[in-house]
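Data from structure_9.tsv: TSV, C-alpha atoms and all ligand atoms
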chain	number	residue	atom	x	y	z
A	1	MET	CA	-17.47	-10.49	-5.43
A	2	CYS	CA	-16.08	-12.99	-2.94
A	3	GLN	CA	-15.22	-15.74	-5.38
A	4	LYS	CA	-11.74	-16.74	-4.33
A	5	GLY	CA	-11.21	-17.28	-8.03
A	6	ARG	CA	-7.61	-16.75	-8.94
A	7	ALA	CA	-5.67	-15.06	-6.15
A	8	TRP	CA	-7.03	-13.24	-3.15
A	9	ILE	CA	-6.51	-11.66	0.26
A	10	GLU	CA	-8.42	-12.76	3.34
A	11	LEU	CA	-8.54	-10.30	6.23
A	12	ASN	CA	-9.07	-11.60	9.73
A	13	LYS	CA	-11.31	-9.05	11.44
A	14	GLU	CA	-10.94	-10.61	14.88
A	15	ASN	CA	-7.16	-10.26	14.71
A	16	LEU	CA	-7.45	-6.62	13.65
A	17	MET	CA	-9.83	-5.95	16.57
A	18	ASP	CA	-7.43	-7.68	18.94
A	19	ASN	CA	-4.50	-5.58	17.70
A	20	ILE	CA	-6.53	-2.39	18.23
A	21	ARG	CA	-7.41	-3.52	21.75
A	22	GLN	CA	-3.77	-4.24	22.57
A	23	PHE	CA	-2.61	-0.88	21.26
A	24	ARG	CA	-5.28	0.90	23.29
A	25	LEU	CA	-4.07	-0.94	26.40
A	26	LEU	CA	-0.47	-0.01	25.70
A	27	LEU	CA	-1.07	3.66	24.88
A	28	PRO	CA	-1.49	6.08	27.77
A	29	PRO	CA	-5.07	7.22	28.47
A	30	GLY	CA	-5.85	10.26	26.36
A	31	CYS	CA	-3.79	9.05	23.41
A	32	ALA	CA	-6.00	7.99	20.51
A	33	LEU	CA	-5.09	5.75	17.60
A	34	MET	CA	-4.66	7.48	14.25
A	35	PRO	CA	-4.14	4.40	12.07
A	36	ALA	CA	-2.03	4.74	8.93
A	37	VAL	CA	-4.23	3.40	6.13
A	38	LYS	CA	-2.08	4.72	3.30
A	39	ALA	CA	-1.12	2.59	0.28
A	40	ASN	CA	-4.50	0.85	0.34
A	41	ALA	CA	-4.06	0.14	4.07
A	42	TYR	CA	-0.66	-1.48	3.45
A	43	GLY	CA	-2.22	-3.57	0.70
A	44	HIS	CA	-5.00	-4.89	2.92
A	45	GLY	CA	-7.75	-2.77	1.32
A	46	ALA	CA	-8.33	0.77	2.61
A	47	ALA	CA	-12.14	0.77	2.61
A	48	LEU	CA	-12.42	-2.62	4.34
A	49	VAL	CA	-9.84	-1.80	7.00
A	50	ALA	CA	-10.92	1.79	7.67
A	51	GLY	CA	-14.57	0.69	7.81
A	52	ALA	CA	-13.73	-1.93	10.45
A	53	LEU	CA	-11.65	0.59	12.41
A	54	GLN	CA	-14.45	3.13	12.30
A	55	GLU	CA	-16.83	0.51	13.73
A	56	GLN	CA	-14.41	0.25	16.65
A	57	GLY	CA	-14.63	3.95	17.34
A	58	VAL	CA	-11.54	5.11	15.47
A	59	ARG	CA	-12.09	8.75	14.46
A	60	ASN	CA	-8.71	9.75	13.02
A	61	PHE	CA	-6.90	8.30	10.04
A	62	CYS	CA	-3.77	9.16	8.09
A	63	VAL	CA	-3.09	8.59	4.39
A	64	ALA	CA	-0.30	9.50	1.98
A	65	SER	CA	-2.25	11.48	-0.60
A	66	ALA	CA	-5.42	13.44	-1.23
A	67	ALA	CA	-6.62	10.69	-3.61
A	68	GLU	CA	-6.35	8.15	-0.81
A	69	GLY	CA	-8.34	10.48	1.44
A	70	ILE	CA	-11.06	10.81	-1.19
A	71	GLU	CA	-11.27	7.03	-1.49
A	72	LEU	CA	-11.94	6.81	2.25
A	73	ARG	CA	-14.61	9.50	2.13
A	74	ARG	CA	-16.32	7.68	-0.75
A	75	ALA	CA	-16.28	4.54	1.42
A	76	GLY	CA	-18.16	6.44	4.13
A	77	ILE	CA	-15.28	7.22	6.47
A	78	LEU	CA	-16.04	10.18	8.72
A	79	GLY	CA	-13.81	11.94	11.20
A	80	GLU	CA	-10.42	13.42	10.49
A	81	ILE	CA	-8.32	12.22	7.56
A	82	LEU	CA	-4.80	13.62	7.60
A	83	VAL	CA	-2.83	13.70	4.34
A	84	LEU	CA	0.79	13.05	5.37
A	85	GLY	CA	2.37	13.85	2.02
A	86	TYR	CA	2.77	16.85	-0.27
A	87	THR	CA	-0.39	17.88	-2.13
A	88	HIS	CA	0.10	19.97	-5.26
A	89	PRO	CA	-1.90	23.22	-5.34
A	90	SER	CA	-3.82	21.87	-8.36
A	91	GLN	CA	-5.42	19.42	-5.90
A	92	PHE	CA	-6.31	21.95	-3.20
A	93	THR	CA	-9.94	21.78	-4.31
A	94	ASP	CA	-9.96	18.09	-3.36
A	95	LEU	CA	-8.82	18.93	0.17
A	96	ILE	CA	-11.70	21.33	0.62
A	97	HIS	CA	-14.42	19.28	-1.09
A	98	HIS	CA	-13.61	16.16	0.90
A	99	ASP	CA	-12.78	17.80	4.21
A	100	LEU	CA	-9.21	16.50	4.32
A	101	THR	CA	-6.57	17.78	6.72
A	102	GLN	CA	-3.35	18.66	4.92
A	103	THR	CA	0.20	18.50	6.25
A	104	VAL	CA	2.07	21.79	5.99
A	105	VAL	CA	5.36	20.47	4.61
A	106	ASP	CA	7.37	23.67	5.24
A	107	ALA	CA	7.06	27.43	5.62
A	108	ASP	CA	6.94	28.07	1.85
A	109	TYR	CA	4.06	25.65	1.55
A	110	ALA	CA	2.16	27.46	4.31
A	111	ALA	CA	2.61	30.72	2.40
A	112	ARG	CA	1.40	29.03	-0.80
A	113	MET	CA	-1.75	27.79	0.97
A	114	GLN	CA	-2.39	31.24	2.43
A	115	GLU	CA	-2.02	32.79	-1.02
A	116	ASP	CA	-4.62	30.42	-2.48
A	117	GLY	CA	-7.31	32.40	-0.69
A	118	ARG	CA	-9.42	29.48	0.48
A	119	ARG	CA	-9.42	28.14	4.02
A	120	PHE	CA	-7.61	24.89	4.87
A	121	VAL	CA	-7.47	22.65	7.91
A	122	VAL	CA	-3.86	21.65	8.49
A	123	HIS	CA	-1.40	19.89	10.74
A	124	ILE	CA	2.06	21.44	10.75
A	125	GLY	CA	4.87	19.02	9.99
A	126	ILE	CA	7.99	19.54	12.10
A	127	ASP	CA	11.39	18.29	10.97
A	128	THR	CA	13.06	17.04	14.14
A	129	GLY	CA	15.84	15.15	12.37
A	130	MET	CA	14.52	13.02	9.51
A	131	HIS	CA	14.93	15.86	7.00
A	132	ARG	CA	12.15	14.73	4.71
A	133	LEU	CA	9.07	16.86	5.39
A	134	GLY	CA	8.28	19.54	7.91
A	135	GLU	CA	9.60	22.92	8.95
A	136	ARG	CA	12.82	22.75	10.95
A	137	TRP	CA	12.15	22.36	14.68
A	138	ASP	CA	14.51	25.21	15.55
A	139	ASN	CA	12.81	27.65	13.19
A	140	ILE	CA	10.21	28.52	15.80
A	141	GLU	CA	9.46	31.93	14.29
A	142	ALA	CA	8.40	30.33	11.00
A	143	ILE	CA	6.30	27.78	12.86
A	144	GLN	CA	4.59	30.44	14.97
A	145	GLN	CA	3.97	32.50	11.83
A	146	MET	CA	1.88	29.66	10.36
A	147	PHE	CA	-0.59	30.04	13.23
A	148	ARG	CA	-1.04	33.69	12.26
A	149	LEU	CA	-2.05	32.92	8.66
A	150	PRO	CA	-5.81	33.60	8.50
A	151	ASN	CA	-6.46	30.93	5.84
A	152	LEU	CA	-4.88	28.13	7.86
A	153	ARG	CA	-6.78	26.49	10.69
A	154	VAL	CA	-4.02	24.60	12.49
A	155	THR	CA	-5.50	21.68	14.41
A	156	GLY	CA	-2.30	19.69	14.88
A	157	VAL	CA	1.49	19.68	15.01
A	158	TYR	CA	3.47	16.52	14.36
A	159	SER	CA	6.84	15.02	13.58
A	160	HIS	CA	8.19	11.64	12.50
A	161	LEU	CA	10.93	9.46	13.97
A	162	CYS	CA	13.48	7.89	11.63
A	163	VAL	CA	15.44	5.42	13.77
A	164	SER	CA	12.88	4.44	16.42
A	165	ASP	CA	13.04	0.82	15.21
A	166	GLY	CA	16.69	0.62	16.26
A	167	THR	CA	17.70	-0.38	19.75
A	168	SER	CA	21.40	0.47	19.57
A	169	HIS	CA	22.85	3.21	21.74
A	170	TRP	CA	23.11	5.81	18.98
A	171	GLU	CA	19.63	5.08	17.63
A	172	ARG	CA	18.09	5.50	21.06
A	173	ALA	CA	20.07	8.70	21.63
A	174	TYR	CA	18.99	10.11	18.26
A	175	THR	CA	15.33	9.27	18.89
A	176	LEU	CA	15.44	10.85	22.36
A	177	GLU	CA	16.87	13.95	20.74
A	178	GLN	CA	14.04	14.02	18.17
A	179	ILE	CA	11.55	13.67	21.02
A	180	ARG	CA	13.22	16.58	22.87
A	181	HIS	CA	13.14	18.73	19.75
A	182	PHE	CA	9.45	18.03	19.24
A	183	GLU	CA	8.59	18.71	22.87
A	184	ALA	CA	10.61	21.93	22.73
A	185	VAL	CA	8.50	23.18	19.80
A	186	VAL	CA	5.24	22.37	21.58
A	187	GLU	CA	6.40	24.00	24.83
A	188	GLU	CA	7.61	27.11	23.07
A	189	LEU	CA	4.30	27.48	21.21
A	190	HIS	CA	2.42	27.14	24.50
A	191	ARG	CA	4.76	29.67	26.11
A	192	ARG	CA	3.88	32.09	23.32
A	193	GLY	CA	0.19	31.65	24.05
A	194	ILE	CA	-0.61	29.30	21.17
A	195	SER	CA	-2.64	26.26	22.17
A	196	GLY	CA	-5.64	24.18	21.16
A	197	PHE	CA	-3.75	21.98	18.69
A	198	LYS	CA	-3.15	18.23	18.89
A	199	CYS	CA	0.34	16.68	18.94
A	200	HIS	CA	1.58	13.38	17.53
A	201	LEU	CA	4.96	11.81	16.91
A	202	GLN	CA	5.00	8.02	16.98
A	203	GLY	CA	4.52	5.42	14.25
A	204	SER	CA	4.50	1.71	15.10
A	205	TYR	CA	8.08	1.47	16.32
A	206	GLY	CA	7.79	4.75	18.18
A	207	ILE	CA	4.85	3.25	20.05
A	208	LEU	CA	6.42	-0.17	20.61
A	209	ASN	CA	9.82	1.15	21.73
A	210	TYR	CA	8.81	4.42	23.45
A	211	SER	CA	5.41	3.57	24.89
A	212	GLN	CA	5.91	5.91	27.86
A	213	LEU	CA	5.40	8.95	25.60
A	214	CYS	CA	2.07	10.70	25.91
A	215	PHE	CA	0.80	12.59	22.88
A	216	ASP	CA	-2.74	13.07	21.57
A	217	TYR	CA	-2.47	10.57	18.73
A	218	ALA	CA	-0.34	7.58	17.77
A	219	ARG	CA	0.00	6.87	14.05
A	220	ALA	CA	0.14	3.08	14.08
A	221	GLY	CA	0.72	1.45	10.70
A	222	ILE	CA	2.52	-1.82	10.13
A	223	ALA	CA	2.11	-3.17	13.68
A	224	LEU	CA	-1.64	-2.57	13.65
A	225	TYR	CA	-1.74	-5.08	10.82
A	226	GLY	CA	-0.11	-7.51	13.23
A	227	ILE	CA	3.39	-7.69	11.87
A	228	LEU	CA	6.79	-6.06	12.16
A	229	SER	CA	8.95	-4.76	9.33
A	230	GLY	CA	11.68	-7.37	9.67
A	231	ARG	CA	11.74	-10.97	10.89
A	232	ASP	CA	14.49	-10.30	13.42
A	233	ASP	CA	13.21	-6.96	14.73
A	234	LYS	CA	13.08	-6.66	18.49
A	235	VAL	CA	10.80	-4.22	20.32
A	236	ASN	CA	10.43	-3.19	23.95
A	237	ALA	CA	6.68	-3.55	24.38
A	238	SER	CA	5.55	-7.13	24.86
A	239	MET	CA	2.52	-7.53	22.67
A	240	GLU	CA	1.10	-10.53	20.88
A	241	LEU	CA	0.15	-8.89	17.63
A	242	ARG	CA	-1.72	-11.12	15.22
A	243	PRO	CA	-1.35	-10.91	11.43
A	244	VAL	CA	-4.51	-9.67	9.76
A	245	LEU	CA	-3.75	-10.63	6.15
A	246	SER	CA	-3.53	-13.97	4.38
A	247	LEU	CA	-2.55	-14.19	0.72
A	248	LYS	CA	-3.72	-17.18	-1.30
A	249	ALA	CA	-3.74	-18.34	-4.91
A	250	ARG	CA	-5.15	-21.22	-6.93
A	251	VAL	CA	-3.08	-24.07	-8.22
A	252	GLY	CA	-3.60	-23.99	-12.00
A	253	THR	CA	-1.72	-27.05	-13.20
A	254	VAL	CA	0.27	-29.92	-11.74
A	255	ARG	CA	2.67	-31.88	-13.97
A	256	MET	CA	5.91	-33.82	-14.04
A	257	LEU	CA	9.25	-32.20	-14.72
A	258	TYR	CA	11.70	-34.94	-15.60
A	259	GLN	CA	15.34	-35.12	-14.60
A	260	GLY	CA	17.41	-32.65	-16.61
A	261	GLU	CA	14.44	-30.58	-17.81
A	262	GLY	CA	14.21	-26.87	-17.07
A	263	ALA	CA	11.11	-24.85	-16.22
A	264	GLY	CA	9.89	-21.28	-16.64
A	265	TYR	CA	11.46	-18.21	-18.26
A	266	GLY	CA	15.16	-18.56	-18.86
A	267	LEU	CA	14.79	-22.19	-17.73
A	268	ALA	CA	16.09	-20.73	-14.50
A	269	TYR	CA	15.18	-23.92	-12.64
A	270	ARG	CA	16.63	-27.31	-13.62
A	271	ALA	CA	15.34	-30.59	-12.24
A	272	GLY	CA	18.20	-32.61	-10.75
A	273	GLU	CA	15.78	-35.53	-10.52
A	274	ASN	CA	12.14	-36.12	-11.43
A	275	ARG	CA	9.91	-33.50	-9.77
A	276	ARG	CA	6.18	-32.86	-9.61
A	277	ILE	CA	5.65	-29.16	-10.18
A	278	GLY	CA	2.69	-26.80	-10.11
A	279	ALA	CA	1.78	-23.40	-11.55
A	280	LEU	CA	0.04	-20.94	-9.22
A	281	SER	CA	-2.19	-18.14	-10.57
A	282	ILE	CA	-0.30	-15.28	-8.96
A	283	GLY	CA	2.78	-13.37	-10.07
A	284	TYR	CA	4.74	-10.17	-9.81
A	285	ALA	CA	1.88	-8.06	-11.16
A	286	ASP	CA	0.04	-9.13	-8.00
A	287	GLY	CA	2.98	-8.10	-5.83
A	288	ILE	CA	5.00	-11.30	-5.52
A	289	PRO	CA	8.54	-9.92	-5.80
A	290	ARG	CA	10.49	-11.21	-8.77
A	291	SER	CA	13.49	-11.42	-6.47
A	292	MET	CA	11.75	-14.43	-4.88
A	293	SER	CA	12.59	-16.48	-7.99
A	294	ASN	CA	13.99	-19.87	-6.91
A	295	CYS	CA	13.66	-18.77	-3.29
A	296	GLY	CA	11.32	-19.45	-0.38
A	297	TYR	CA	8.20	-21.62	-0.43
A	298	VAL	CA	4.41	-21.61	-0.36
A	299	LEU	CA	2.13	-23.84	1.72
A	300	CYS	CA	-0.36	-26.38	0.41
A	301	HIS	CA	-2.20	-29.06	2.40
A	302	GLY	CA	-0.13	-28.09	5.44
A	303	ARG	CA	3.20	-28.73	3.67
A	304	LYS	CA	5.93	-26.65	2.09
A	305	ALA	CA	6.25	-26.35	-1.68
A	306	PRO	CA	9.48	-24.54	-2.67
A	307	VAL	CA	9.31	-21.73	-5.22
A	308	ILE	CA	11.12	-22.78	-8.40
A	309	GLY	CA	12.13	-20.79	-11.47
A	310	ARG	CA	11.45	-17.15	-12.18
A	311	ILE	CA	8.32	-15.46	-10.89
A	312	CYS	CA	6.22	-14.53	-13.97
A	313	MET	CA	3.88	-11.56	-14.27
A	314	ASP	CA	0.74	-13.59	-13.56
A	315	GLN	CA	2.00	-17.00	-12.46
A	316	MET	CA	4.72	-18.74	-10.52
A	317	LEU	CA	6.01	-22.29	-10.30
A	318	VAL	CA	6.41	-24.40	-7.18
A	319	ASP	CA	7.76	-27.86	-6.44
A	320	PHE	CA	4.94	-30.12	-5.24
A	321	THR	CA	7.07	-33.26	-5.00
A	322	GLY	CA	6.63	-33.16	-1.23
A	323	VAL	CA	2.88	-32.48	-1.45
A	324	PRO	CA	1.49	-35.59	-3.17
A	325	GLU	CA	-2.15	-34.54	-2.69
A	326	ALA	CA	-1.69	-31.19	-4.53
A	327	LYS	CA	-3.93	-30.89	-7.59
A	328	ALA	CA	-5.39	-28.25	-9.92
A	329	GLY	CA	-7.93	-26.03	-8.17
A	330	ASP	CA	-6.31	-26.33	-4.72
A	331	GLU	CA	-5.46	-23.32	-2.57
A	332	ALA	CA	-1.84	-22.38	-2.06
A	333	VAL	CA	-0.93	-20.07	0.81
A	334	LEU	CA	1.72	-17.40	0.20
A	335	ILE	CA	1.13	-15.54	3.47
A	336	GLY	CA	-0.81	-17.14	6.29
A	337	LYS	CA	-1.44	-20.56	7.82
A	338	SER	CA	-1.89	-24.01	6.38
A	339	GLY	CA	-2.16	-26.88	8.85
A	340	ASP	CA	0.49	-26.34	11.50
A	341	LEU	CA	2.68	-24.19	9.29
A	342	GLU	CA	2.66	-20.43	8.82
A	343	ILE	CA	4.35	-18.03	6.43
A	344	ARG	CA	4.50	-14.48	7.72
A	345	ALA	CA	4.85	-11.34	5.62
A	346	GLU	CA	8.22	-10.91	7.35
A	347	ASP	CA	9.35	-14.26	5.86
A	348	LEU	CA	8.42	-13.22	2.34
A	349	ALA	CA	10.19	-9.93	2.94
A	350	SER	CA	13.34	-11.68	4.07
A	351	TRP	CA	13.34	-13.98	1.00
A	352	ALA	CA	12.94	-10.93	-1.23
A	353	GLY	CA	15.53	-8.85	0.63
A	354	THR	CA	13.11	-6.16	1.75
A	355	ILE	CA	10.74	-5.27	4.62
A	356	SER	CA	7.19	-6.49	5.09
A	357	ASN	CA	5.88	-2.93	4.60
A	358	GLU	CA	7.04	-3.03	0.97
A	359	ILE	CA	5.70	-6.53	0.32
A	360	LEU	CA	2.25	-5.67	1.67
A	361	SER	CA	1.90	-2.19	0.19
A	362	ARG	CA	2.67	-3.56	-3.29
A	363	LEU	CA	-0.01	-6.27	-3.24
A	364	GLY	CA	-1.86	-5.62	-6.46
A	365	SER	CA	-5.29	-4.37	-7.44
A	366	ARG	CA	-6.08	-7.66	-9.21
A	367	LEU	CA	-6.33	-9.47	-5.90
A	368	GLU	CA	-9.80	-9.87	-4.43
A	369	ARG	CA	-9.98	-8.68	-0.85
A	370	MET	CA	-12.42	-9.98	1.72
A	371	MET	CA	-12.82	-9.59	5.46
A	372	GLU	CA	-14.15	-12.46	7.51
A	401	LIG	C1	3.73	5.57	7.20
A	401	LIG	C2	3.79	6.54	8.31
A	401	LIG	C3	3.41	6.14	9.60
A	401	LIG	C4	3.11	4.73	9.97
A	401	LIG	O1	4.31	4.01	10.01
A	401	LIG	P1	4.44	2.52	10.55
A	401	LIG	O2	5.89	2.35	10.79
A	401	LIG	O3	3.92	1.63	9.49
A	401	LIG	O4	3.64	2.44	11.79
A	401	LIG	C5	3.39	7.13	10.58
A	401	LIG	N1	3.73	8.41	10.30
A	401	LIG	C6	4.12	8.79	9.07
A	401	LIG	C7	4.49	10.22	8.85
A	401	LIG	C8	4.17	7.88	8.04
A	401	LIG	O5	4.57	8.27	6.83
Take the structure in the file and give it back as structure tokens.
Amino acid sequence: MCQKGRAWIELNKENLMDNIRQFRLLLPPGCALMPAVKANAYGHGAALVAGALQEQGVRNFCVASAAEGIELRRAGILGEILVLGYTHPSQFTDLIHHDLTQTVVDADYAARMQEDGRRFVVHIGIDTGMHRLGERWDNIEAIQQMFRLPNLRVTGVYSHLCVSDGTSHWERAYTLEQIRHFEAVVEELHRRGISGFKCHLQGSYGILNYSQLCFDYARAGIALYGILSGRDDKVNASMELRPVLSLKARVGTVRMLYQGEGAGYGLAYRAGENRRIGALSIGYADGIPRSMSNCGYVLCHGRKAPVIGRICMDQMLVDFTGVPEAKAGDEAVLIGKSGDLEIRAEDLASWAGTISNEILSRLGSRLERMME
């Protein structure tokens, strides 16, 4: 169903492959990629992305929920799929049926899994300072106890960094402390004769800013898709990551808006002089943030067309006065390249006052997705 009918996402496979190659060069030998393909692979399309990663020898994936894990299995993804989030006991059957690895979110959860009676493959989450999921790093007795539960097969131990994107003094100090806490847990387990489990700690910014660390896996998300969270983010590793995703929509109509006339809901845009405007077949139900109303631009025929008026559910208006060749049926680019110009997901995020992760992960199910 590659029709490019209304609004769609094009995935650049070569760029994804190149990003994988660069990450593998950056990571120490012995550290494997465990790509984060949660939230439909950050909006890119989980089956398409995970399939391409699997072709490149990726054998470990992480997702947010059991349902996301099942979707990958149905798409033919083998290897280990780690569920990073909480799974309610009513869904434990799914974990077993689809061979998913579950995160142990704390000691109570481990006890609950043990009580269930069936056998689960798990990674233990360790709270080293984010205070979201995981057993506290200093509660080593509780952590060791999880290894003694006969119904849990612990194949991994991991934690998550919460300020690794920051380069200020306190953020670096806090991250180094989280790293020390995590290493202390691993060392103490080894000292107590517990071994044979894998360790992982870093997401994208943990990899890009602390690339000297050497764990078994690296959970790359946003950067694997070739972008950073914010336009002005700075990272230590010098990599030339290439964006994988382009977002495009059809121009539906082109018409004149005469001086003094308003356009769209609330007539939130007013023409100060005669303008040529267009309606694009994409809106907030597709993931274009409504906060981009009257803000930012799209590309068409290699030129900028400013966004005007309020973003609608299924459509949005742009000013084509500066794009005389624009006509119904043309392609407009919301993320990606047109001629010499490029809009990055980070740009959209900055116009909408958020991070690129949110923009991408909210791209809607109505969009066609294709990899070329
Ligand atoms: C989402 C997530 C990741 C990936 O994060 P990025 O910053 O996108 O690389 C890694 N680990 C955990 C626990 C996550 O929730």
Give the padded box for ligand LIG 401 (chain A) as lines of an AutoDock Vina configuration file: axis-aligned, covering all atoms listed in the file, 5 Å on each side, centre and edge lengths in Å to one decimal.
center_x = 4.5
center_y = 5.9
center_z = 9.3
size_x = 12.8
size_y = 18.6
size_z = 15.0
Exercise for review: Check every protein, DNA and RNA residue against ligand LIG 401 (chain A), keep those with an atom at most 10 Å away (counting all atoms listed in the file), and present them as a PyMOL selection string.
Suggested key: chain A and resi 34-39+41-42+62-64+82-85+103+125+132-133+158-162+164-165+200-208+218-225+227-229+356-357
Point to revise | Nearest candidate to Asn294 of chain A (options A:Met256, A:Met371, A:Ala249, A:Ala352; using only C-alpha atoms) | key: A:Ala352
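The coordinates place atom CA of Asn12 of chain A at 14.9 Å from atom CA of Glu55 of chain A.
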Practice item. Tell me which protein, DNA and RNA residues are within 12 Å of Leu149 of chain A, counting only C-alpha atoms, leaving out same-chain ones fewer than 4 positions away, and put them as a list in words. Key: Ala107, Tyr109, Ala110, Ala111, Arg112, Met113, Gln114, Glu115, Asp116, Gly117, Arg118, Arg119, Phe120, Val121, Val122, Ala142, Ile143, Gln144, Gln145, Arg153 and Val154 of chain A
Exercise for review: Go through A:Gly364, A:Gly283, A:Gly262, A:Gly76 one by one, measure the shortest atom-to-atom distance of each to His44 of chain A using only C-alpha atoms, and give the residue with the smallest value.
Suggested key: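 Looking at the shortest contact to His44 of chain A, the residue is A:Gly364.
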Check your understanding: In Å to one decimal, how far is atom CA of Gln315 of chain A from atom CA of Asp340 of chain A?
Key ->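 Rounded to one decimal, the two atoms are 25.8 Å apart.
The closest residue to Cys214 of chain A, picked from A:Ala32, A:Ile140, A:Leu72, A:Ala263 and counting all atoms listed in the file, is A:Ala32.
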Point to revise | All residues 10 Å or closer to Glu14 of chain A, all atoms listed in the file, same chain fewer than 4 positions away omitted, as a PyMOL selection string | key: chain A and resi 18-20+242+244+371-372
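Closest approach to Val157 of chain A among A:Tyr174, A:Tyr297, A:Tyr217, A:Tyr210 is made by A:Tyr217 (distances from only C-alpha atoms).
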Practice item. Would you mind listing what lies within 7 Å of segment 270-272 of chain A as number ranges by chain, with all atoms listed in the file counted and same-chain residues fewer than 2 positions away left out? Key: A: 257-263, 267-268, 274-275
Exercise for review: Find the spatial neighbours of segment 4-11 of chain A, counting all atoms listed in the file, within a cut-off of 6 Å - ignore same-chain residues fewer than 3 positions away - and output them as a ChimeraX atom specification.
Suggested key: /A:244-250,281,367-371
Given the selection you just returned, output its residues as a file containing C-alpha atoms, formatted as a JSON list (two decimals), keeping the file's coordinate frame.
[["chain", "number", "residue", "atom", "x", "y", "z"],
["A", 244, "VAL", "CA", -4.51, -9.67, 9.76],
["A", 245, "LEU", "CA", -3.75, -10.63, 6.15],
["A", 246, "SER", "CA", -3.53, -13.97, 4.38],
["A", 247, "LEU", "CA", -2.55, -14.19, 0.72],
["A", 248, "LYS", "CA", -3.72, -17.18, -1.30],
["A", 249, "ALA", "CA", -3.74, -18.34, -4.91],
["A", 250, "ARG", "CA", -5.15, -21.22, -6.93],
["A", 281, "SER", "CA", -2.19, -18.14, -10.57],
["A", 367, "LEU", "CA", -6.33, -9.47, -5.90],
["A", 368, "GLU", "CA", -9.80, -9.87, -4.43],
["A", 369, "ARG", "CA", -9.98, -8.68, -0.85],
["A", 370, "MET", "CA", -12.42, -9.98, 1.72],
["A", 371, "MET", "CA", -12.82, -9.59, 5.46]]
Point to revise | Point-to-point distance in Å for atom CA of Trp170 of chain A and atom CA of Ala237 of chain A | key: 19.7 Å
Check your understanding: Which residues come within 10 Å of Ile70 of chain A, counting all atoms listed in the file, excluding same-chain residues fewer than 5 positions away, as a list of chain:residue names?
Key ->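 Near Ile70 of chain A, the qualifying residues are A:Val63, A:Ser65, A:Ala75, A:Gly76, A:Ile77, A:Ile81, A:Asp94, A:Leu95, A:His97, A:His98, A:Asp99, A:Leu100.
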Grab the residues selected above and save them as a compact mmCIF listing (two decimals), keeping the file's coordinate frame with C-alpha atoms.
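In the end it all went to selection-v7.txt:
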# COMPACT_ATOMS: atom_id res chain seq x y z
CA VAL A 63 -3.09 8.59 4.39
CA SER A 65 -2.25 11.48 -0.60
CA ALA A 75 -16.28 4.54 1.42
CA GLY A 76 -18.16 6.44 4.13
CA ILE A 77 -15.28 7.22 6.47
CA ILE A 81 -8.32 12.22 7.56
CA ASP A 94 -9.96 18.09 -3.36
CA LEU A 95 -8.82 18.93 0.17
CA HIS A 97 -14.42 19.28 -1.09
CA HIS A 98 -13.61 16.16 0.90
CA ASP A 99 -12.78 17.80 4.21
CA LEU A 100 -9.21 16.50 4.32
